[in-house]
Structure formats: C-alpha cells, structure tokens
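Student: Take this structure first; my questions come after.
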Amino acid sequence: MNVYPNITVIASLIADPSRAIFLSSLLDGRALPAGELAHMASVTPQTASSHLAKLVEGGLLEVEQQGRHRYYRLANKEIANLIESMASIAPPVQIRSLKQSDQLQQLSHARTCYGHLAGKLGISLCEALVQKGYLSDPEEAHSKDYQVTEKGIQWFTTFGIELQMKPGSRRAIARKCLDWSERRHHLSGMLGEQLRHRLAELDWIRQKTGSRSVEVTEAGKKGLYEMLSISL
C-alpha cells in the first residue's frame, strides 16, 4: 500500500498547457478575470471556465466573485513556489514569433514573482546586496535563506525598509528563490516583498499593464547605480 501523498493529482492538473499558462500568469500575485486568462492561453471562455474550475477544485486557485465577474488567484505561496521551481528545471521555450521573443526578453529582464522581483533585475539586486555585505549566504549548501547582517539592517533601515518581524510569525525574511530564466537565486521572502514595494514607492520600477514584466525608470537606473552599483 502506498502511504505517500498522491502527487499525481497535482501533476495532472498542472500538466495541461492551458492550465499551466493560467498558473504562470498568476505568479505575480494578481487576481485576474476568466476572460483575460482565456485570452492569455488562446482558448475560448467556455474552455477556460472548465480548466479554472478544475484548478479551484484541486486547491491550486482561489476564486472571488465580483458582480458578474469571477477573479482567480493562486491559492497560496506554496503553489507559486511549486510553479517557479518547475519552471527552473523545464526545457527552454521554443520561440516561434517576434512577439513571443519580445515577451520572453521582457520577462527575463525584470518581472514580478509573487510579490518580489525576479529576472536579471532580481538577480542583480540579490548579488549586489551580498557583495555589499548587507546579506550573507550561509555556508550550508542547501540553506534556503540568506541572513541579514548588522550592516544590512542599518542599510535597509536607511533605505526605508522596516525589518521587524511580527511576534509569532514564521515567514522567512530573506528566502532564496531559484530564478527560472537566470538559473540563479534571487531574493524572496518578506524582505524581497518589502524591497519591491520600496522600489515601486520611489518610482524606480513600474509594473507594466497586463503583464508580469517590470520597467526600471530612469530614476531607478540612477538610484540603483548610486546605491548598489547596479548598471541596467
């Protein structure tokens, strides 16, 4: 008798190409209507509704009704981590059009990943924070977290990021997240989310409408270079 969790149920839900697109499109933490998701996957609204119902029933998505529209989002961070981890070991996508090439280039350069920043921008931020001594990479090869140094606490505070954890919170403050496009780690966890929020607050980055891709503003390019020696 098999006593292990039946992972084939989850695997079969993700395995469909349209459902995989839905899940990947929601990795930035947004809630999107069924019509928009159908357009992204190039399927009919009826087909999208059927797929979305299965993902909700399987616990991968949550749905919220607002008037005549239903909005779907990932059920939790564990689902986002699962999809991102699978993407990091998946074979490269076959580019078949200029539009697809442009989209991949934009996502690879800078994108959101369930609240934090990924792509070349996310990697550059993470590596700069380590090089500056604000984060340390534990010696343990399989450690999932970065550690914030005393020097880092001072820098983040000066930069406008509050690092205090709520009592009883078990959230990782500086989690490693393997980037599917760069195949290196970027910064996630609570600190990754706060860093993204602060950069947006300063208008150093802007989320592109209807996309996970992120634009670095001229002020952001200047600020990142002055603060962290990052050239974009």
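Identifiers in this document derive from the order of the structure tokens: chains are assigned A, B, ..., residues are numbered from 1 separately in each chain, and ligands are numbered from 1 in order of occurrence.
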In stretch 90-198 of chain A, what's helix (DSSP H, G or I) per DSSP? Answer as a ChimeraX atom specification?

Tutor: /A:98-109,119-131,150-159,189-198

Student: List as a PyMOL selection string the protein and nucleic acid residues near stretch 27-41 of chain A, meaning an atom at most 6 Å away when only C-alpha atoms are counted, but skip any in the same chain fewer than 5 places from it.

Tutor: chain A and resi 18+48+70-73+80+112-114

Student: Would you write out those residues with N, CA, C and O atoms, as an mmCIF file, in the first residue's frame?

Tutor:
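In the end it all went to part.cif:
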```
data_model
loop_
_atom_site.group_PDB
_atom_site.id
_atom_site.type_symbol
_atom_site.label_atom_id
_atom_site.label_comp_id
_atom_site.auth_asym_id
_atom_site.auth_seq_id
_atom_site.Cartn_x
_atom_site.Cartn_y
_atom_site.Cartn_z
ATOM 1 N N SER A 18 -2.912 24.765 -21.165
ATOM 2 C CA SER A 18 -3.709 25.955 -20.838
ATOM 3 C C SER A 18 -3.691 26.227 -19.341
ATOM 4 O O SER A 18 -3.537 27.377 -18.899
ATOM 5 N N ALA A 48 -11.817 27.870 -20.906
ATOM 6 C CA ALA A 48 -11.133 28.444 -19.753
ATOM 7 C C ALA A 48 -11.904 28.170 -18.470
ATOM 8 O O ALA A 48 -11.307 27.811 -17.443
ATOM 9 N N ARG A 70 -15.740 36.746 -12.250
ATOM 10 C CA ARG A 70 -15.000 35.929 -11.300
ATOM 11 C C ARG A 70 -13.514 36.209 -11.472
ATOM 12 O O ARG A 70 -12.992 36.192 -12.585
ATOM 13 N N TYR A 71 -12.824 36.423 -10.364
ATOM 14 C CA TYR A 71 -11.401 36.704 -10.385
ATOM 15 C C TYR A 71 -10.644 35.546 -9.726
ATOM 16 O O TYR A 71 -11.011 35.099 -8.630
ATOM 17 N N TYR A 72 -9.596 35.119 -10.393
ATOM 18 C CA TYR A 72 -8.835 33.955 -9.930
ATOM 19 C C TYR A 72 -7.429 34.364 -9.515
ATOM 20 O O TYR A 72 -6.792 35.191 -10.151
ATOM 21 N N ARG A 73 -6.937 33.746 -8.439
ATOM 22 C CA ARG A 73 -5.572 33.958 -7.968
ATOM 23 C C ARG A 73 -5.018 32.637 -7.447
ATOM 24 O O ARG A 73 -5.774 31.699 -7.158
ATOM 25 N N ALA A 80 2.860 29.040 -5.776
ATOM 26 C CA ALA A 80 3.772 29.887 -6.553
ATOM 27 C C ALA A 80 5.175 29.306 -6.553
ATOM 28 O O ALA A 80 5.843 29.252 -7.600
ATOM 29 N N THR A 112 7.817 40.353 -11.889
ATOM 30 C CA THR A 112 7.386 40.051 -10.533
ATOM 31 C C THR A 112 7.245 38.550 -10.368
ATOM 32 O O THR A 112 6.929 37.829 -11.313
ATOM 33 N N CYS A 113 7.497 38.094 -9.155
ATOM 34 C CA CYS A 113 7.373 36.678 -8.828
ATOM 35 C C CYS A 113 6.674 36.573 -7.479
ATOM 36 O O CYS A 113 7.313 36.543 -6.431
ATOM 37 N N TYR A 114 5.346 36.613 -7.508
ATOM 38 C CA TYR A 114 4.509 36.515 -6.306
ATOM 39 C C TYR A 114 4.965 37.488 -5.211
ATOM 40 O O TYR A 114 5.228 37.099 -4.074
#
```

Student: Fewer than 6 positions away in the same chain doesn't count, so skip those; otherwise give me all residues within 12 Å of A:Asp16, counting only C-alpha atoms, as a PyMOL selection string.

Tutor: chain A and resi 10+22-23+41+48+51-52+54-55

Student: I need the strand (DSSP E) residues of stretch 143-183 of chain A per DSSP on the backbone, written as a list in words.

Tutor: Gln147, Val148, Arg175, Lys176, Cys177 and Leu178 of chain A

Student: Have a look at atom CA of A:Leu74 and atom CA of A:Leu61 and let me know their distance in Å, one decimal.

Tutor: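 Taking atom CA of A:Leu74 as the start and atom CA of A:Leu61 as the end point, the length is 4.5 Å.
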
Student: Name the residues in contact with A:Leu178 at a cut-off of 10 Å, using only C-alpha atoms, excluding same-chain residues fewer than 5 positions from it; report them as a ChimeraX atom specification.

Tutor: /A:81,84-85,87-89,118,123,183-188

Student: Now that the selection is made, can you save its residues with N, CA, C and O atoms as a PDB file, in the first residue's frame?

Tutor:
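In the end it all went to out_26.pdb:
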```pdb
ATOM      1  N   ASN A  81       5.639  28.845  -5.388  1.00  0.00           N
ATOM      2  CA  ASN A  81       6.980  28.253  -5.305  1.00  0.00           C
ATOM      3  C   ASN A  81       7.083  26.999  -6.153  1.00  0.00           C
ATOM      4  O   ASN A  81       8.116  26.747  -6.791  1.00  0.00           O
ATOM      5  N   GLU A  84       7.237  28.055  -9.896  1.00  0.00           N
ATOM      6  CA  GLU A  84       8.540  28.675 -10.181  1.00  0.00           C
ATOM      7  C   GLU A  84       9.655  27.631 -10.176  1.00  0.00           C
ATOM      8  O   GLU A  84      10.555  27.662 -11.018  1.00  0.00           O
ATOM      9  N   SER A  85       9.585  26.669  -9.253  1.00  0.00           N
ATOM     10  CA  SER A  85      10.601  25.612  -9.198  1.00  0.00           C
ATOM     11  C   SER A  85      10.534  24.711 -10.425  1.00  0.00           C
ATOM     12  O   SER A  85      11.575  24.321 -10.973  1.00  0.00           O
ATOM     13  N   ALA A  87       9.459  25.629 -13.345  1.00  0.00           N
ATOM     14  CA  ALA A  87       9.924  26.418 -14.486  1.00  0.00           C
ATOM     15  C   ALA A  87      11.446  26.455 -14.546  1.00  0.00           C
ATOM     16  O   ALA A  87      12.027  26.517 -15.639  1.00  0.00           O
ATOM     17  N   SER A  88      12.104  26.399 -13.372  1.00  0.00           N
ATOM     18  CA  SER A  88      13.562  26.497 -13.336  1.00  0.00           C
ATOM     19  C   SER A  88      14.250  25.249 -13.885  1.00  0.00           C
ATOM     20  O   SER A  88      15.427  25.300 -14.256  1.00  0.00           O
ATOM     21  N   ILE A  89      13.533  24.115 -13.937  1.00  0.00           N
ATOM     22  CA  ILE A  89      14.132  22.880 -14.468  1.00  0.00           C
ATOM     23  C   ILE A  89      13.497  22.458 -15.788  1.00  0.00           C
ATOM     24  O   ILE A  89      13.896  21.453 -16.369  1.00  0.00           O
ATOM     25  N   ALA A 118      12.139  39.330  -9.898  1.00  0.00           N
ATOM     26  CA  ALA A 118      12.884  38.228 -10.490  1.00  0.00           C
ATOM     27  C   ALA A 118      13.494  38.687 -11.816  1.00  0.00           C
ATOM     28  O   ALA A 118      13.375  39.852 -12.199  1.00  0.00           O
ATOM     29  N   ILE A 123      18.125  39.211  -9.853  1.00  0.00           N
ATOM     30  CA  ILE A 123      19.437  38.610  -9.634  1.00  0.00           C
ATOM     31  C   ILE A 123      20.463  39.688  -9.291  1.00  0.00           C
ATOM     32  O   ILE A 123      21.267  39.538  -8.362  1.00  0.00           O
ATOM     33  N   ARG A 183      18.545  30.973 -13.801  1.00  0.00           N
ATOM     34  CA  ARG A 183      19.069  29.760 -13.153  1.00  0.00           C
ATOM     35  C   ARG A 183      20.019  30.092 -11.995  1.00  0.00           C
ATOM     36  O   ARG A 183      20.956  29.360 -11.705  1.00  0.00           O
ATOM     37  N   ARG A 184      19.777  31.230 -11.360  1.00  0.00           N
ATOM     38  CA  ARG A 184      20.491  31.631 -10.151  1.00  0.00           C
ATOM     39  C   ARG A 184      19.453  32.117  -9.142  1.00  0.00           C
ATOM     40  O   ARG A 184      18.298  32.298  -9.481  1.00  0.00           O
ATOM     41  N   HIS A 185      19.882  32.350  -7.915  1.00  0.00           N
ATOM     42  CA  HIS A 185      18.932  32.731  -6.877  1.00  0.00           C
ATOM     43  C   HIS A 185      18.683  34.240  -6.854  1.00  0.00           C
ATOM     44  O   HIS A 185      19.596  35.035  -7.004  1.00  0.00           O
ATOM     45  N   HIS A 186      17.398  34.596  -6.691  1.00  0.00           N
ATOM     46  CA  HIS A 186      17.049  35.966  -6.363  1.00  0.00           C
ATOM     47  C   HIS A 186      16.433  35.983  -4.963  1.00  0.00           C
ATOM     48  O   HIS A 186      16.285  34.939  -4.341  1.00  0.00           O
ATOM     49  N   LEU A 187      16.119  37.153  -4.481  1.00  0.00           N
ATOM     50  CA  LEU A 187      15.651  37.327  -3.105  1.00  0.00           C
ATOM     51  C   LEU A 187      14.133  37.310  -3.034  1.00  0.00           C
ATOM     52  O   LEU A 187      13.461  38.080  -3.716  1.00  0.00           O
ATOM     53  N   SER A 188      13.599  36.428  -2.186  1.00  0.00           N
ATOM     54  CA  SER A 188      12.149  36.409  -1.958  1.00  0.00           C
ATOM     55  C   SER A 188      11.904  36.558  -0.457  1.00  0.00           C
ATOM     56  O   SER A 188      12.682  37.190   0.242  1.00  0.00           O
TER      57      SER A 188
END
```

Student: Identify which of the residues A:Gln207, A:Ser12, A:Ser213, A:Gln131 lies closest to A:His109, counting only C-alpha atoms when measuring atom-to-atom distances.

Tutor: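 Closest candidate: A:Ser213.
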
Student: Name all residues at most 7 Å from stretch 152-162 of chain A (count only C-alpha atoms; drop same-chain ones fewer than 3 positions away) and give them as a VMD selection string.

Tutor: chain A and resid 133 to 135 148 to 149 194

Student: Record the distance separating atom CA of A:Glu226 and atom CA of A:Leu129, expressed in Å with one decimal.

Tutor: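 Distance between the two atoms: 13.2 Å.
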
Student: Any chance you could tabulate, as a tab-separated table, the residues of stretch 68-165 of chain A at most 12 Å from stretch 216-219 of chain A with each one's nearest atom pair and distance in Å to one decimal, using only C-alpha atoms, in chain and rising number order?

Tutor:
```
residue	atom	partner	partner_atom	distance
A:Gln106	CA	A:Val216	CA	11.2
A:His109	CA	A:Val216	CA	9.8
A:Ala110	CA	A:Val216	CA	8.1
A:Arg111	CA	A:Val216	CA	10.3
A:Leu117	CA	A:Val216	CA	11.5
A:Lys120	CA	A:Val216	CA	11.4
A:Leu121	CA	A:Val216	CA	8.7
A:Gly122	CA	A:Val216	CA	11.5
```

Student: Any chance you can output those residues with C-alpha atoms as a PDB file, in the first residue's frame?

Tutor:
```
ATOM      1  CA  GLN A 106      10.966  41.494 -21.102  1.00  0.00           C
ATOM      2  CA  HIS A 109      14.972  41.256 -17.823  1.00  0.00           C
ATOM      3  CA  ALA A 110      12.658  42.133 -14.934  1.00  0.00           C
ATOM      4  CA  ARG A 111       9.410  40.622 -13.665  1.00  0.00           C
ATOM      5  CA  LEU A 117      11.396  40.789  -8.132  1.00  0.00           C
ATOM      6  CA  LYS A 120      18.078  39.958 -14.341  1.00  0.00           C
ATOM      7  CA  LEU A 121      16.916  42.802 -12.111  1.00  0.00           C
ATOM      8  CA  GLY A 122      16.130  40.444  -9.220  1.00  0.00           C
TER       9      GLY A 122
END
```

Student: Pick from A:Leu191, A:Trp180, A:Ser25, A:Leu107: nearest to A:Asp145, with only C-alpha atoms counted?

Tutor: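 Among the listed residues, the smallest separation from A:Asp145 belongs to A:Leu191.
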